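Student: Got a structure for you, written out below as structure tokens; questions coming shortly.
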Amino acid sequence: MEHGSVGTNEGYRIVISGNPDEYHKIRRLVHFAALQQGIEEQEADIIERAVAEACSNALFHEPAEKENPSFVLEMQLNDASITSIVKNRGKAFNFDDVEPFDIQQDFMAYKEGGLGIPIMKRLMDIVQYERHDDNLNVVTLVKNINPQREKGAEDDNEN
Amino acid sequence: MRIKESTKGDVTVLTLSGKMMNGPESIDLHPYVKQLIEKGQVKVVVDMGKVKWFSSTGLGALLASATSLRNADGDLKIARATRKISSVFYMMELTSVFESYESVDEAVESYQDSE
């Protein structure tokens, strides 16, 4: 794992093997980074969840015959947002065509599967997918840091 | 993921432990519940106090299980969801789908209250 500059922000970069038993490292890192930015526990849980889903999704799309599946997680941290970028080489995702999951409408008709991407889209403020040359998938997840927290700080300063 | 079954009256308690992640282990729950339905056991409490983590696949297994039980005039209720699990239930508006209780006993008693 590397800590330092990721792009123009402070951040982390970690390479994770495809072993699901290592996912707890990702979750811990994400949770820790979120708390460091002053985010509350519940929201840190949310970010952790969404990023974990992105990582699971990346692994799911690795070619079955690939000997050492792996992917890269980069986190960029600043006062306004936390950005998590998951990169892997593998099959393309059907990302944009996945319908949102409306729990009220879809629950009783639900069979199984297909919740990972709707969860990411529901939990994060921005979710983007890009397919690059050389079979590179890049999923970017952005969570804006609660503006109320900053507004509260501004109100305190005015008083 | 491991499933331990017990009964309290006519309510089946499934105590899950481990991680409900992608892979065959996390999809055991729905087939297990379908077997319960075949035996007429349609009132289920899922004790999640020992679930360390669950992915969307695990969540899907819970939803599918609940759907199957409700289609069989039964139900699935959650007990002892951890903070992380409760956070996601809340954000995904699953609190409107799953009744969640702090203890297994409370979840079991709720079946009697609703009769």
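By order in the structure tokens, chains are A, B, ...; within a chain, residues start at 1; ligands start at 1, following the order shown.
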Taking only C-alpha atoms into account and nothing else, which residues of chain B lie no more than 8 Å away from chain A? Please answer as a compact mmCIF listing (two decimals) with N, CA and C atoms, in the first residue's frame.
Tutor:
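The file below, iface-v5.txt, is the result:
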# COMPACT_ATOMS: atom_id res chain seq x y z
N ASN B 22 -19.73 -13.02 -2.10
CA ASN B 22 -19.90 -13.67 -3.39
C ASN B 22 -19.39 -15.10 -3.30
N SER B 55 -22.14 -9.11 1.36
CA SER B 55 -22.06 -8.38 0.10
C SER B 55 -23.45 -8.26 -0.49
N SER B 56 -23.51 -7.71 -1.67
CA SER B 56 -24.81 -7.60 -2.35
C SER B 56 -25.37 -8.99 -2.63
N THR B 57 -24.50 -9.97 -2.80
CA THR B 57 -24.98 -11.33 -3.02
C THR B 57 -25.69 -11.85 -1.78
N GLY B 60 -28.92 -10.09 -1.54
CA GLY B 60 -29.84 -10.69 -2.49
C GLY B 60 -30.43 -11.99 -1.97
N ALA B 61 -29.61 -12.76 -1.29
CA ALA B 61 -30.10 -14.02 -0.72
C ALA B 61 -31.16 -13.75 0.35
N LEU B 63 -33.13 -11.07 0.50
CA LEU B 63 -34.33 -10.58 -0.19
C LEU B 63 -35.10 -11.71 -0.85
N ALA B 64 -34.36 -12.57 -1.55
CA ALA B 64 -35.01 -13.69 -2.23
C ALA B 64 -35.68 -14.62 -1.23
N THR B 67 -38.85 -12.96 -0.02
CA THR B 67 -39.86 -13.04 -1.07
C THR B 67 -40.51 -14.41 -1.08
N LYS B 84 -23.13 -1.94 11.03
CA LYS B 84 -22.83 -1.82 9.60
C LYS B 84 -23.98 -2.34 8.76
N SER B 87 -26.90 0.11 8.92
CA SER B 87 -26.65 1.31 8.11
C SER B 87 -27.06 1.09 6.67
N VAL B 88 -26.67 -0.05 6.14
CA VAL B 88 -26.98 -0.32 4.74
C VAL B 88 -28.48 -0.58 4.56
N MET B 91 -29.99 2.86 4.42
CA MET B 91 -29.72 3.61 3.20
C MET B 91 -30.44 3.02 1.99
N MET B 92 -30.59 1.71 1.97
CA MET B 92 -31.25 1.06 0.83
C MET B 92 -32.76 0.97 1.04
N GLU B 93 -33.27 1.63 2.08
CA GLU B 93 -34.71 1.61 2.39
C GLU B 93 -35.21 0.19 2.64
N LEU B 94 -34.35 -0.65 3.13
CA LEU B 94 -34.76 -2.01 3.42
C LEU B 94 -35.46 -2.12 4.76
N VAL B 97 -38.81 -3.13 4.36
CA VAL B 97 -39.02 -4.51 3.89
C VAL B 97 -38.80 -5.51 5.02
Student: Using DSSP assignments from the backbone, pull out every residue in region 8-73 of chain B that falls under helix (DSSP H, G or I) and give it to me as a count of residues only.
Tutor: 30
Student: Contacts of Lys34 (chain B) at 12 Å or less, counting only C-alpha atoms, minus same-chain residues fewer than 6 places along, as a list in words?
Tutor: Ile27, Asp28, Gly40, Gln41, Val42, Val44, Ala61, Leu62, Ala64, Ser65, Ala66, Thr67, Ser68, Leu69, Arg70, Asn71, Ala72 and Gly74 of chain B
Student: For Gly9 (chain B), list every protein, DNA or RNA residue within 12 Å, evaluated using only C-alpha atoms, and leave out those in the same chain fewer than 5 positions away; present the list as a list of chain:residue names.
Tutor: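 Listing them by chain and then by number gives B:Gln41, B:Lys43, B:Val44, B:Asp105, B:Val108, B:Glu109, B:Tyr111, B:Gln112.
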Student: What's around Ile126 (chain A) at 8 Å? Count only C-alpha atoms, leave out sequence neighbours fewer than 4 positions away in its own chain, and write the answer as a list in words.
Tutor: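 Counting only the stated atoms, we get Lys121, Thr140, Leu141, Val142 and Lys143 of chain A.
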Student: Excluding same-chain residues fewer than 4 positions from Val15 (chain A), what lies within 12 Å of it counting only C-alpha atoms, as a PDB file with N, CA, C and O atoms, in the first residue's frame?
Tutor:
ATOM      1  N   MET A   1       0.842  -1.193   0.000  1.00  0.00           N
ATOM      2  CA  MET A   1       0.000   0.000   0.000  1.00  0.00           C
ATOM      3  C   MET A   1       0.880   1.246   0.000  1.00  0.00           C
ATOM      4  O   MET A   1       1.902   1.285   0.649  1.00  0.00           O
ATOM      5  N   GLU A   2       0.438   2.233  -0.766  1.00  0.00           N
ATOM      6  CA  GLU A   2       1.179   3.489  -0.795  1.00  0.00           C
ATOM      7  C   GLU A   2       0.291   4.595  -0.263  1.00  0.00           C
ATOM      8  O   GLU A   2      -0.908   4.632  -0.513  1.00  0.00           O
ATOM      9  N   ASN A  19      -8.180 -12.602  -3.836  1.00  0.00           N
ATOM     10  CA  ASN A  19      -8.636 -13.444  -2.737  1.00  0.00           C
ATOM     11  C   ASN A  19      -9.637 -12.677  -1.866  1.00  0.00           C
ATOM     12  O   ASN A  19      -9.278 -11.690  -1.232  1.00  0.00           O
ATOM     13  N   GLU A  22      -8.967 -11.136   1.517  1.00  0.00           N
ATOM     14  CA  GLU A  22      -8.190  -9.906   1.709  1.00  0.00           C
ATOM     15  C   GLU A  22      -9.061  -8.662   1.678  1.00  0.00           C
ATOM     16  O   GLU A  22      -8.564  -7.556   1.871  1.00  0.00           O
ATOM     17  N   TYR A  23     -10.335  -8.861   1.422  1.00  0.00           N
ATOM     18  CA  TYR A  23     -11.203  -7.692   1.279  1.00  0.00           C
ATOM     19  C   TYR A  23     -11.299  -6.877   2.562  1.00  0.00           C
ATOM     20  O   TYR A  23     -11.578  -5.687   2.522  1.00  0.00           O
ATOM     21  N   LYS A  25      -9.022  -5.850   4.261  1.00  0.00           N
ATOM     22  CA  LYS A  25      -7.991  -4.797   4.215  1.00  0.00           C
ATOM     23  C   LYS A  25      -8.557  -3.573   3.496  1.00  0.00           C
ATOM     24  O   LYS A  25      -8.316  -2.432   3.903  1.00  0.00           O
ATOM     25  N   ILE A  26      -9.278  -3.824   2.423  1.00  0.00           N
ATOM     26  CA  ILE A  26      -9.858  -2.717   1.673  1.00  0.00           C
ATOM     27  C   ILE A  26     -10.847  -1.990   2.559  1.00  0.00           C
ATOM     28  O   ILE A  26     -10.835  -0.754   2.647  1.00  0.00           O
ATOM     29  N   CYS A  55     -15.198  -3.383  -5.670  1.00  0.00           N
ATOM     30  CA  CYS A  55     -14.080  -4.330  -5.706  1.00  0.00           C
ATOM     31  C   CYS A  55     -14.575  -5.751  -6.017  1.00  0.00           C
ATOM     32  O   CYS A  55     -13.987  -6.463  -6.813  1.00  0.00           O
ATOM     33  N   PRO A  69      -5.690 -13.040 -10.299  1.00  0.00           N
ATOM     34  CA  PRO A  69      -6.549 -11.861 -10.437  1.00  0.00           C
ATOM     35  C   PRO A  69      -6.191 -10.807  -9.401  1.00  0.00           C
ATOM     36  O   PRO A  69      -5.835 -11.137  -8.270  1.00  0.00           O
ATOM     37  N   SER A  70      -6.260  -9.562  -9.812  1.00  0.00           N
ATOM     38  CA  SER A  70      -5.970  -8.490  -8.866  1.00  0.00           C
ATOM     39  C   SER A  70      -6.587  -7.204  -9.385  1.00  0.00           C
ATOM     40  O   SER A  70      -7.005  -7.126 -10.540  1.00  0.00           O
ATOM     41  N   PHE A  71      -6.665  -6.243  -8.509  1.00  0.00           N
ATOM     42  CA  PHE A  71      -7.132  -4.935  -8.939  1.00  0.00           C
ATOM     43  C   PHE A  71      -6.498  -3.875  -8.047  1.00  0.00           C
ATOM     44  O   PHE A  71      -5.874  -4.192  -7.032  1.00  0.00           O
ATOM     45  N   VAL A  72      -6.649  -2.643  -8.465  1.00  0.00           N
ATOM     46  CA  VAL A  72      -6.039  -1.514  -7.764  1.00  0.00           C
ATOM     47  C   VAL A  72      -7.138  -0.623  -7.214  1.00  0.00           C
ATOM     48  O   VAL A  72      -8.120  -0.341  -7.898  1.00  0.00           O
ATOM     49  N   LEU A  73      -6.976  -0.214  -5.980  1.00  0.00           N
ATOM     50  CA  LEU A  73      -7.878   0.769  -5.385  1.00  0.00           C
ATOM     51  C   LEU A  73      -7.066   2.019  -5.091  1.00  0.00           C
ATOM     52  O   LEU A  73      -6.058   1.966  -4.404  1.00  0.00           O
ATOM     53  N   GLU A  74      -7.533   3.144  -5.610  1.00  0.00           N
ATOM     54  CA  GLU A  74      -6.923   4.432  -5.281  1.00  0.00           C
ATOM     55  C   GLU A  74      -7.962   5.278  -4.562  1.00  0.00           C
ATOM     56  O   GLU A  74      -9.121   5.308  -4.960  1.00  0.00           O
ATOM     57  N   MET A  75      -7.532   5.937  -3.530  1.00  0.00           N
ATOM     58  CA  MET A  75      -8.439   6.836  -2.816  1.00  0.00           C
ATOM     59  C   MET A  75      -7.847   8.233  -2.828  1.00  0.00           C
ATOM     60  O   MET A  75      -6.679   8.415  -2.496  1.00  0.00           O
ATOM     61  N   ILE A  85     -11.296   4.937  -6.605  1.00  0.00           N
ATOM     62  CA  ILE A  85     -11.189   4.496  -8.001  1.00  0.00           C
ATOM     63  C   ILE A  85     -10.706   3.053  -8.001  1.00  0.00           C
ATOM     64  O   ILE A  85      -9.670   2.736  -7.438  1.00  0.00           O
ATOM     65  N   VAL A  86     -11.518   2.189  -8.615  1.00  0.00           N
ATOM     66  CA  VAL A  86     -11.180   0.766  -8.684  1.00  0.00           C
ATOM     67  C   VAL A  86     -10.825   0.441 -10.123  1.00  0.00           C
ATOM     68  O   VAL A  86     -11.611   0.713 -11.039  1.00  0.00           O
ATOM     69  N   LYS A  87      -9.652  -0.121 -10.309  1.00  0.00           N
ATOM     70  CA  LYS A  87      -9.188  -0.437 -11.661  1.00  0.00           C
ATOM     71  C   LYS A  87      -8.862  -1.922 -11.763  1.00  0.00           C
ATOM     72  O   LYS A  87      -8.204  -2.472 -10.870  1.00  0.00           O
ATOM     73  N   ASN A  88      -9.319  -2.533 -12.836  1.00  0.00           N
ATOM     74  CA  ASN A  88      -8.924  -3.918 -13.072  1.00  0.00           C
ATOM     75  C   ASN A  88      -8.944  -4.196 -14.567  1.00  0.00           C
ATOM     76  O   ASN A  88      -9.607  -3.491 -15.329  1.00  0.00           O
TER      77      ASN A  88
END
Student: Any idea what's packed within 9 Å of Glu102 (chain B), counting only C-alpha atoms, ignoring anything in its chain fewer than 5 positions away? Could you give it as a list in words?
Tutor: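 Neighbouring residues, sequence-local ones excluded: Ile78, Ala79, Arg80, Ala81 and Ala107 of chain B.
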Student: Would you save the residues of that selection, restricted to C-alpha atoms, as a compact mmCIF listing (two decimals), in the first residue's frame?
Tutor:
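Output (selection_18.txt):
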# COMPACT_ATOMS: atom_id res chain seq x y z
CA ILE B 78 -34.03 -9.94 11.17
CA ALA B 79 -32.48 -10.07 14.62
CA ARG B 80 -29.27 -8.59 16.02
CA ALA B 81 -28.19 -6.76 12.88
CA ALA B 107 -38.21 -11.15 16.76
Student: Using CA of Tyr32 (chain B) and CA of Ser103 (chain B) as the two end points, give the distance in Å to one decimal.
Tutor: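 Computing the Euclidean distance for CA of Tyr32 (chain B) and CA of Ser103 (chain B) yields 22.2 Å.
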Student: Could you check how far CA of Val139 (chain A) sits from CA of Tyr90 (chain B), in Å to one decimal?
Tutor: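 These two atoms are separated by 24.3 Å.
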